[in-house]
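First the structure, in the form of structure tokens, and then the observations on it.
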Amino acid sequence: MKVTCGTDIIEIERIQRSIEEIGEKFLNRVFTKQEMQYCESKKSQKYQHYAARFAAKEAAFKAISWKLKDKYEISWKDIEIENDVQGRPKLNIIGVDLRDIEDIDLSLSHCKEYAVANVTVLSH
């Protein structure tokens, strides 16, 4: 068994500024349509949710980077964060051979200023 972990923290204000200044170009480069729909549904807290998903993508990249030939093998939208029926966040990773990965766990958290994500991967 092999366990790998990725963690990322980001200032919510950085994501908010990027969305406000760059707008759709930033959103469409980093987030899937489903992610944007979810975050926009959070109204006044949408920037916290965007930031948490941004951190989750960074953390996921760190946790699975050992499977990649180079960092350009995967893009922002190849990692999608969605919620299961109980509202727990989960990762969908597209375009990466995941056959030897048994489980991926994602934890997100955010407060007024920061969002953080942790991804743990169990493989054989």
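All residue names refer to the structure tokens as shown: chains lettered A, B, ... in order, residues numbered from 1 in each chain, ligands numbered from 1 in order.
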Problem set entry | Neighbour list for Cys111 of chain A as number ranges by chain, cut-off 12 Å, only C-alpha atoms, skip fewer than 4 positions in-chain | A: 9-13, 45, 47-49, 51-52, 115-116
Writing out the chosen residues with N, CA and C atoms as a short mmCIF file (atom, residue, chain, number, x, y, z; two decimals), in the first residue's frame:
```cif
data_model
loop_
_atom_site.label_atom_id
_atom_site.label_comp_id
_atom_site.auth_asym_id
_atom_site.auth_seq_id
_atom_site.Cartn_x
_atom_site.Cartn_y
_atom_site.Cartn_z
N ILE A 9 -3.61 25.70 0.79
CA ILE A 9 -4.35 26.77 1.46
C ILE A 9 -4.25 28.01 0.58
N ILE A 10 -5.33 28.77 0.52
CA ILE A 10 -5.33 29.97 -0.31
C ILE A 10 -6.17 31.06 0.36
N GLU A 11 -5.76 32.30 0.12
CA GLU A 11 -6.55 33.42 0.61
C GLU A 11 -7.78 33.58 -0.28
N ILE A 12 -8.94 33.63 0.32
CA ILE A 12 -10.18 33.77 -0.43
C ILE A 12 -10.16 35.06 -1.25
N GLU A 13 -9.56 36.10 -0.72
CA GLU A 13 -9.49 37.38 -1.41
C GLU A 13 -8.77 37.26 -2.76
N GLN A 45 -21.52 33.71 -0.09
CA GLN A 45 -20.35 32.92 0.28
C GLN A 45 -19.71 32.21 -0.91
N TYR A 47 -17.41 33.04 -3.00
CA TYR A 47 -15.95 33.12 -3.13
C TYR A 47 -15.26 32.12 -2.21
N GLN A 48 -15.83 31.83 -1.07
CA GLN A 48 -15.27 30.80 -0.18
C GLN A 48 -15.31 29.44 -0.86
N HIS A 49 -16.40 29.16 -1.55
CA HIS A 49 -16.55 27.86 -2.22
C HIS A 49 -15.66 27.76 -3.46
N ALA A 51 -12.79 29.30 -3.74
CA ALA A 51 -11.44 29.17 -3.19
C ALA A 51 -11.20 27.75 -2.67
N ALA A 52 -12.18 27.15 -2.02
CA ALA A 52 -12.02 25.78 -1.52
C ALA A 52 -11.81 24.82 -2.68
N ALA A 115 -9.20 29.36 2.59
CA ALA A 115 -9.78 28.07 2.25
C ALA A 115 -8.63 27.07 2.21
N VAL A 116 -8.91 25.87 2.67
CA VAL A 116 -7.89 24.83 2.72
C VAL A 116 -8.49 23.52 2.22
#
```
Problem set entry | Trp76 of chain A environment, 6 Å, only C-alpha atoms, sequence neighbours closer than 2 positions dropped, as number ranges by chain | A: 30, 78-79
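Once Val3 of chain A and its same-chain neighbours fewer than 6 positions away are set aside, A:Thr120, A:Val121, A:Leu122, A:Ser123 remain within 7 Å of it when counting only C-alpha atoms.
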Exercise. Could you name the residues that touch segment 83-88 of chain A at 12 Å or less, counting only C-alpha atoms, but leaving out those on the same chain fewer than 6 positions away, as a PyMOL selection string?
Worked result: chain A and resi 34-35+38-39+49+53+105-109
Problem set entry | Residue list (alpha helix (DSSP H), DSSP) for segment 55-98 of chain A, as a ChimeraX atom specification | /A:55-64
Seminar exercise, completed: Counting only C-alpha atoms, closest pick from A:Asp97, A:Glu102, A:Glu40, A:Glu82 relative to Lys57 of chain A is A:Glu82
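Relative to atom CA of Ala55 of chain A, atom CA of Asn118 of chain A is found at 8.3 Å.
For Val119 of chain A, the set of protein, DNA and RNA residues having any atom at most 8 Å away, when counting only C-alpha atoms and skipping those fewer than 6 positions along the same chain, is Cys5, Gly6, Thr7, Ala56, Ala59, Ala60, Ala63, Ile104, Asp105, Leu106 and Ser107 of chain A.
You can rank A:Tyr50, A:Glu80, A:Ile93, A:Lys43 by their closest distance to Ser18 of chain A using only C-alpha atoms, and at the top of that list sits A:Tyr50.
The smallest atom-to-atom distance between Leu91 of chain A and any of A:Trp66, A:Tyr72, A:Phe61, A:Phe26, using only C-alpha atoms, is found for A:Phe61.
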Exercise. Would you give me, as a ChimeraX atom specification, the residues in chain A that DSSP reads as strand (DSSP E or B)?
Worked result: /A:2-11,79-83,89-93,101-110,114-123
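One distance worth recording is that between atom CA of Lys25 of chain A and atom CA of Glu58 of chain A, which is 18.9 Å.
With atom CA of Thr4 of chain A on one side and atom CA of Asp100 of chain A on the other, the separation reads 12.7 Å.
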For this session: Considering only C-alpha atoms, state which residue in the set A:Lys33, A:Lys71, A:Lys112, A:Ile64 is at the smallest distance from Leu98 of chain A.
Result: A:Ile64
